[in-house]
Amino acid sequence: MRTKIYALCGLLSASMTVMTAQDVVNGGFETWKETAGSSYAPSNGELTPAQRPGIEPEGWNGSSVNQMGVTKELVTKGGDENDAHVVITSDFVGLDLGFTKIGSNAPGYLTFGNPWVFADISNISNSDGGTFGGMEYGLKPDALTLSFKRTFGEEDTEKAEKAHIIAYLWNGTFTSTISGNTEVQDADRAVLGMSEATGDGKLIASVDYEINGEYTNWQSATIPLEYVEANIDETPTKMNIVLSSADYWTRGNIKAGNVLEVDDVHYLFYSKLTDIKVGGTSITGFDSDTYAYKMQGYDLPSADEIEAVTVSPFATTEVTVDEANAAINITVTNQGGTDTDGRQSHTYTLLYNPTVATQDLFNGSFEAWDEAAGYSFTSSNGALVPALRPGTEPTGWQGSSVNQFELVKEELVTRGGDDTNAYAVMTNTYVGMFGMGSNAPAYLTYGDPWLYINIMDIASCNGGTFGGAAYGYRPDALALSYRRTFGEEDTEKAEKAHVIAYLWNGTFTSTIAGETEVNDADRAVLGMSESTGDGKLIASVDYEIAGEQTEWQEVVIPLQYVEENAGEVPTKMNVILSSADYWSRPDIKAGNVLEADDVRFVFNSRLGSIEIDGEALDGFDSETYEYTINGTLPSMEDVEAVAMSQFASIDITTDEAEGTFIITVGNQGGADVDGETAHTYVLTFDGGNGVASAEASDAKVTAHDGAIHVTAPETVAVEVTDLAGRTVLVTEVNAGTTALDVPTGFYVVRTGAQAVKVLVD
């Protein structure tokens, strides 16, 4: 007798499916065939097809029976047109003669392969069946997930029979014999190594999940596939799934009436991580379903220092260093299928403190805004749990918009102005639900906002900022424009807004919310709470805005340097703009608003005073840069110039030919209030031994030969004062020239309504 081999093509091609997508074909069982396909009976080396009764899901083949005129629908449609599922029932198949039954219990199952059945009426124990073949498939899923219900018929009084969920992937071909005489390719038992086979087939992965007990309500199961270690690098070309209401491998255990209902069968392709290591050390508190982590540092590691361990051995990772946002992004991508949450990839973000590379503040004009806000952190059981804030916020800044457990979301920071002139709007807002909640402070910061929520004890709720930005300069002041308005709740318009800035080096380690340790919390840096570490506060300011200002106000706020640390160079800084009374939560009023724009550090590059020969330059103003002085050019040692900033530099040069002193004041490179980084003052000395800076009516005043000389056409009153305004001489001179003897020094000589500055030497 010639042997025939039944494969996945040729004779049976009409019942085969090529799976081109990553997911299971028609795994939701929404689409059904109008008529069922064929099952095959092996006999004497031949496979005889018989069309199954009833209907079945598109792409699948069921085990409904058509044997010698006996039909039985073991696969039926459950649910409704909007949400269908498959019902698989094991049942008796044969003849009931009243006094006896001829037949056996048949397994109800659904498969992508080809069902075959061998019935031996003369010896029921020889009856057998199963599946051969499957469908073309080329990916390596991580798990199979589905929903199911399991119930028992009257025959299974002990509810003992196990249902089976079976899946397997392979390549090559397994050739074996079924029913003792018929060769087929890729029979289930052969692929799974339960029967002998020839050929080049390699099993790559499989799972046989047993359902024990009764489940009258829908259950969800996620079943990991077990990969054969020796073949894990192989790529599958075929796969099959078997959903069986029966003990699939043991026909003697099959009980009539036992039912398995199944829905939402999908392959899962994991795109998550099990661990992240930075420089060989695992991140504390890592969880696969948490995608943001606050790192306690300012220096970004390189991509080579990041080790990401994937849940799936087949997923890929990409590490990118985002210097602009001080973040490391680790994107995990699977083979194109979906993970448990329906996504193909996940990105984990390590958030470091940003670095401000220039002297000025980053995006202090609020022109650039991110499409999505960043993370705030909730203190919980000693850990920081990230929550993605709603809305948008200025690039480089972190806002206090609220996301409480994904249940309550409030945007406290919004964008004002237009595309050509944007500014930040911070609005205190009530946050809560079911009558439980509190007013939340609206603020912007370079640090990371944290909050502690206790619904049972609102008074214990708290929050603040930790961290800031890496920064290495010593500004003199903080400047900004602002408007302040009040909501209806603050009837007395009493709440104060705050503008806070501080610079430090080293690290302050402290506890927030009584349980979570962080570095560089605002209160710790400012000495308002206990801390450990080597941190040193260098300068700070806490400027309170009281009252209502509906028009834009410009303010320049000097930073106060800690005297013993004034020589220290900062390595970090933070700025907080708060529409709330930042330090006192009970004082927060909903609806109060602070609008801010043009926030910047100021680096003074002007003089605070000039002295010549120990006398202050009369009429000096830091914003007046040219002076004409009656007298001869003094020596370098006789001129003392004092800068407004203790960190500014002063360069003095002289030009004897022009009779000028040139004093240039430079800062650390940042901008002064007028946007300049340096200012030059010019002192011009004119007139030999004395030059009149102005003439008094018709009188002429000069200084020479150690005296003041007044030449007048007629009698005139003369008053002589020093530069401090003290009267030295009051007299009246006649027409002609009169010499007035006074000590050496600078004087102001008034003749009538005119004043002349002279130097007597």
# chains A, B, ... in the order shown; residues from 1 in each chain; ligands from 1
>>> residues_around(residues="A:Trp218", least_positions_apart="5", cutoff="9 Å", atoms="only C-alpha atoms", output="list in words")
Ser147, Phe148, Lys149, Arg150, Glu261 and Val262 of chain A
>>> write_last_selection(atoms="N, CA and C atoms", output="PDB file, in the first residue's frame")
ATOM      1  N   SER A 147      -9.745  34.939  28.001  1.00  0.00           N
ATOM      2  CA  SER A 147     -10.767  34.904  29.030  1.00  0.00           C
ATOM      3  C   SER A 147     -11.534  33.600  28.882  1.00  0.00           C
ATOM      4  N   PHE A 148     -11.977  33.021  30.017  1.00  0.00           N
ATOM      5  CA  PHE A 148     -12.669  31.732  29.928  1.00  0.00           C
ATOM      6  C   PHE A 148     -13.674  31.567  31.066  1.00  0.00           C
ATOM      7  N   LYS A 149     -14.661  30.672  30.809  1.00  0.00           N
ATOM      8  CA  LYS A 149     -15.545  30.145  31.841  1.00  0.00           C
ATOM      9  C   LYS A 149     -15.516  28.621  31.726  1.00  0.00           C
ATOM     10  N   ARG A 150     -15.645  27.946  32.850  1.00  0.00           N
ATOM     11  CA  ARG A 150     -15.573  26.479  32.857  1.00  0.00           C
ATOM     12  C   ARG A 150     -16.700  25.940  33.737  1.00  0.00           C
ATOM     13  N   GLU A 261     -15.963  27.892  27.755  1.00  0.00           N
ATOM     14  CA  GLU A 261     -16.275  29.072  26.954  1.00  0.00           C
ATOM     15  C   GLU A 261     -15.034  29.959  26.914  1.00  0.00           C
ATOM     16  N   VAL A 262     -14.713  30.461  25.741  1.00  0.00           N
ATOM     17  CA  VAL A 262     -13.462  31.204  25.562  1.00  0.00           C
ATOM     18  C   VAL A 262     -13.725  32.477  24.767  1.00  0.00           C
TER      19      VAL A 262
END
>>> residues_around(residues="A:Gly487", least_positions_apart="6", cutoff="7 Å", atoms="only C-alpha atoms", output="PyMOL selection string")
chain A and resi 590-592
>>> write_last_selection(atoms="C-alpha atoms", output="compact mmCIF listing (two decimals), in the first residue's frame")
# COMPACT_ATOMS: atom_id res chain seq x y z
CA ALA A 590 -8.55 78.85 45.59
CA GLY A 591 -8.68 81.23 42.65
CA ASN A 592 -5.69 83.38 43.58
>>> closest_residue(among="A:Tyr747, A:Trp249, A:Tyr348, A:Tyr446", to="A:Glu318", atoms="only C-alpha atoms")
A:Tyr348
>>> residues_around(residues="stretch 83-89 of chain A", least_positions_apart="5", cutoff="8 Å", atoms="only C-alpha atoms", output="list in words")
Gly28, Phe29, Glu30, Pro57, Leu74, Val75, Thr76, Lys77, Gly78, Pro107, Gly108, Tyr109, Leu110, Ser244, Ser245, Ala256, Gly257, Asn258, Val259, Leu260, Glu261, Val262 and Asp263 of chain A
>>> select_by_dssp(residues="stretch 52-125 of chain A", states="strand (DSSP E)", output="PyMOL selection string")
chain A and resi 61-62+65-67+70-72+75-79+84-89+91-96+101-106+109-111+114-118
>>> atom_distance(atom1="atom CA of A:Thr290", atom2="atom CA of A:Pro386")
7.7 Å
>>> closest_residue(among="A:His704, A:Arg726, A:Arg474, A:Lys33", to="A:Thr744", atoms="only C-alpha atoms")
A:His704
>>> closest_atom_pairs(of="stretch 471-556 of chain A", to="stretch 596-614 of chain A", cutoff="10 Å", atoms="only C-alpha atoms", output="tab-separated table")
residue	atom	partner	partner_atom	distance
A:Tyr473	CA	A:Phe603	CA	9.6
A:Arg474	CA	A:Phe603	CA	8.0
A:Pro475	CA	A:Phe603	CA	5.1
A:Asp476	CA	A:Phe603	CA	5.3
A:Ala477	CA	A:Val602	CA	4.9
A:Leu478	CA	A:Phe601	CA	4.6
A:Ala479	CA	A:Arg600	CA	5.4
A:Leu480	CA	A:Val599	CA	4.3
A:Ser481	CA	A:Asp597	CA	5.2
A:Tyr482	CA	A:Ala596	CA	4.5
A:Arg483	CA	A:Ala596	CA	6.7
A:Arg484	CA	A:Ala596	CA	9.0
A:Val499	CA	A:Ala596	CA	10.0
A:Ala501	CA	A:Phe601	CA	9.8
A:Trp552	CA	A:Ala596	CA	8.9
A:Gln553	CA	A:Ala596	CA	9.5
A:Glu554	CA	A:Asp598	CA	9.3
A:Val555	CA	A:Val599	CA	9.8
A:Val556	CA	A:Val602	CA	8.0
>>> write_last_selection(atoms="N, CA and C atoms", output="PDB file, in the first residue's frame")
ATOM      1  N   TYR A 473      27.183  79.961  38.929  1.00  0.00           N
ATOM      2  CA  TYR A 473      27.449  81.396  38.947  1.00  0.00           C
ATOM      3  C   TYR A 473      26.875  82.025  40.218  1.00  0.00           C
ATOM      4  N   ARG A 474      27.248  83.304  40.448  1.00  0.00           N
ATOM      5  CA  ARG A 474      26.781  84.016  41.635  1.00  0.00           C
ATOM      6  C   ARG A 474      26.091  85.317  41.230  1.00  0.00           C
ATOM      7  N   PRO A 475      24.819  85.245  40.904  1.00  0.00           N
ATOM      8  CA  PRO A 475      24.094  86.455  40.499  1.00  0.00           C
ATOM      9  C   PRO A 475      23.870  87.373  41.686  1.00  0.00           C
ATOM     10  N   ASP A 476      23.530  88.627  41.385  1.00  0.00           N
ATOM     11  CA  ASP A 476      23.284  89.616  42.428  1.00  0.00           C
ATOM     12  C   ASP A 476      21.813  89.752  42.776  1.00  0.00           C
ATOM     13  N   ALA A 477      20.958  89.443  41.833  1.00  0.00           N
ATOM     14  CA  ALA A 477      19.535  89.657  42.084  1.00  0.00           C
ATOM     15  C   ALA A 477      18.712  88.782  41.149  1.00  0.00           C
ATOM     16  N   LEU A 478      17.423  88.678  41.463  1.00  0.00           N
ATOM     17  CA  LEU A 478      16.447  88.015  40.607  1.00  0.00           C
ATOM     18  C   LEU A 478      15.448  89.068  40.161  1.00  0.00           C
ATOM     19  N   ALA A 479      15.189  89.133  38.868  1.00  0.00           N
ATOM     20  CA  ALA A 479      14.249  90.115  38.331  1.00  0.00           C
ATOM     21  C   ALA A 479      13.111  89.400  37.631  1.00  0.00           C
ATOM     22  N   LEU A 480      11.940  89.983  37.628  1.00  0.00           N
ATOM     23  CA  LEU A 480      10.799  89.431  36.909  1.00  0.00           C
ATOM     24  C   LEU A 480       9.717  90.485  36.768  1.00  0.00           C
ATOM     25  N   SER A 481       8.776  90.192  35.884  1.00  0.00           N
ATOM     26  CA  SER A 481       7.544  90.964  35.777  1.00  0.00           C
ATOM     27  C   SER A 481       6.413  90.087  36.287  1.00  0.00           C
ATOM     28  N   TYR A 482       5.434  90.708  36.946  1.00  0.00           N
ATOM     29  CA  TYR A 482       4.345  89.894  37.485  1.00  0.00           C
ATOM     30  C   TYR A 482       3.057  90.697  37.578  1.00  0.00           C
ATOM     31  N   ARG A 483       1.958  89.947  37.647  1.00  0.00           N
ATOM     32  CA  ARG A 483       0.659  90.487  38.013  1.00  0.00           C
ATOM     33  C   ARG A 483       0.068  89.566  39.083  1.00  0.00           C
ATOM     34  N   ARG A 484      -0.707  90.163  39.991  1.00  0.00           N
ATOM     35  CA  ARG A 484      -1.278  89.402  41.097  1.00  0.00           C
ATOM     36  C   ARG A 484      -2.753  89.759  41.236  1.00  0.00           C
ATOM     37  N   VAL A 499       8.104  84.654  45.618  1.00  0.00           N
ATOM     38  CA  VAL A 499       9.158  84.454  44.629  1.00  0.00           C
ATOM     39  C   VAL A 499      10.400  84.053  45.416  1.00  0.00           C
ATOM     40  N   ALA A 501      14.257  82.067  45.555  1.00  0.00           N
ATOM     41  CA  ALA A 501      15.441  81.598  44.825  1.00  0.00           C
ATOM     42  C   ALA A 501      16.523  81.254  45.836  1.00  0.00           C
ATOM     43  N   TRP A 552       1.105  94.949  34.977  1.00  0.00           N
ATOM     44  CA  TRP A 552       2.409  94.303  35.095  1.00  0.00           C
ATOM     45  C   TRP A 552       3.359  95.160  35.934  1.00  0.00           C
ATOM     46  N   GLN A 553       4.006  94.492  36.880  1.00  0.00           N
ATOM     47  CA  GLN A 553       4.990  95.138  37.742  1.00  0.00           C
ATOM     48  C   GLN A 553       6.369  94.564  37.439  1.00  0.00           C
ATOM     49  N   GLU A 554       7.375  95.424  37.475  1.00  0.00           N
ATOM     50  CA  GLU A 554       8.763  94.988  37.299  1.00  0.00           C
ATOM     51  C   GLU A 554       9.464  95.104  38.635  1.00  0.00           C
ATOM     52  N   VAL A 555      10.122  94.023  39.053  1.00  0.00           N
ATOM     53  CA  VAL A 555      10.795  94.038  40.344  1.00  0.00           C
ATOM     54  C   VAL A 555      12.173  93.405  40.196  1.00  0.00           C
ATOM     55  N   VAL A 556      13.154  94.001  40.896  1.00  0.00           N
ATOM     56  CA  VAL A 556      14.508  93.460  40.966  1.00  0.00           C
ATOM     57  C   VAL A 556      14.774  93.142  42.432  1.00  0.00           C
TER      58      VAL A 556
END
>>> closest_residue(among="A:Asn114, A:Glu73, A:Val321, A:Ala470", to="A:Pro49", atoms="only C-alpha atoms")
A:Asn114
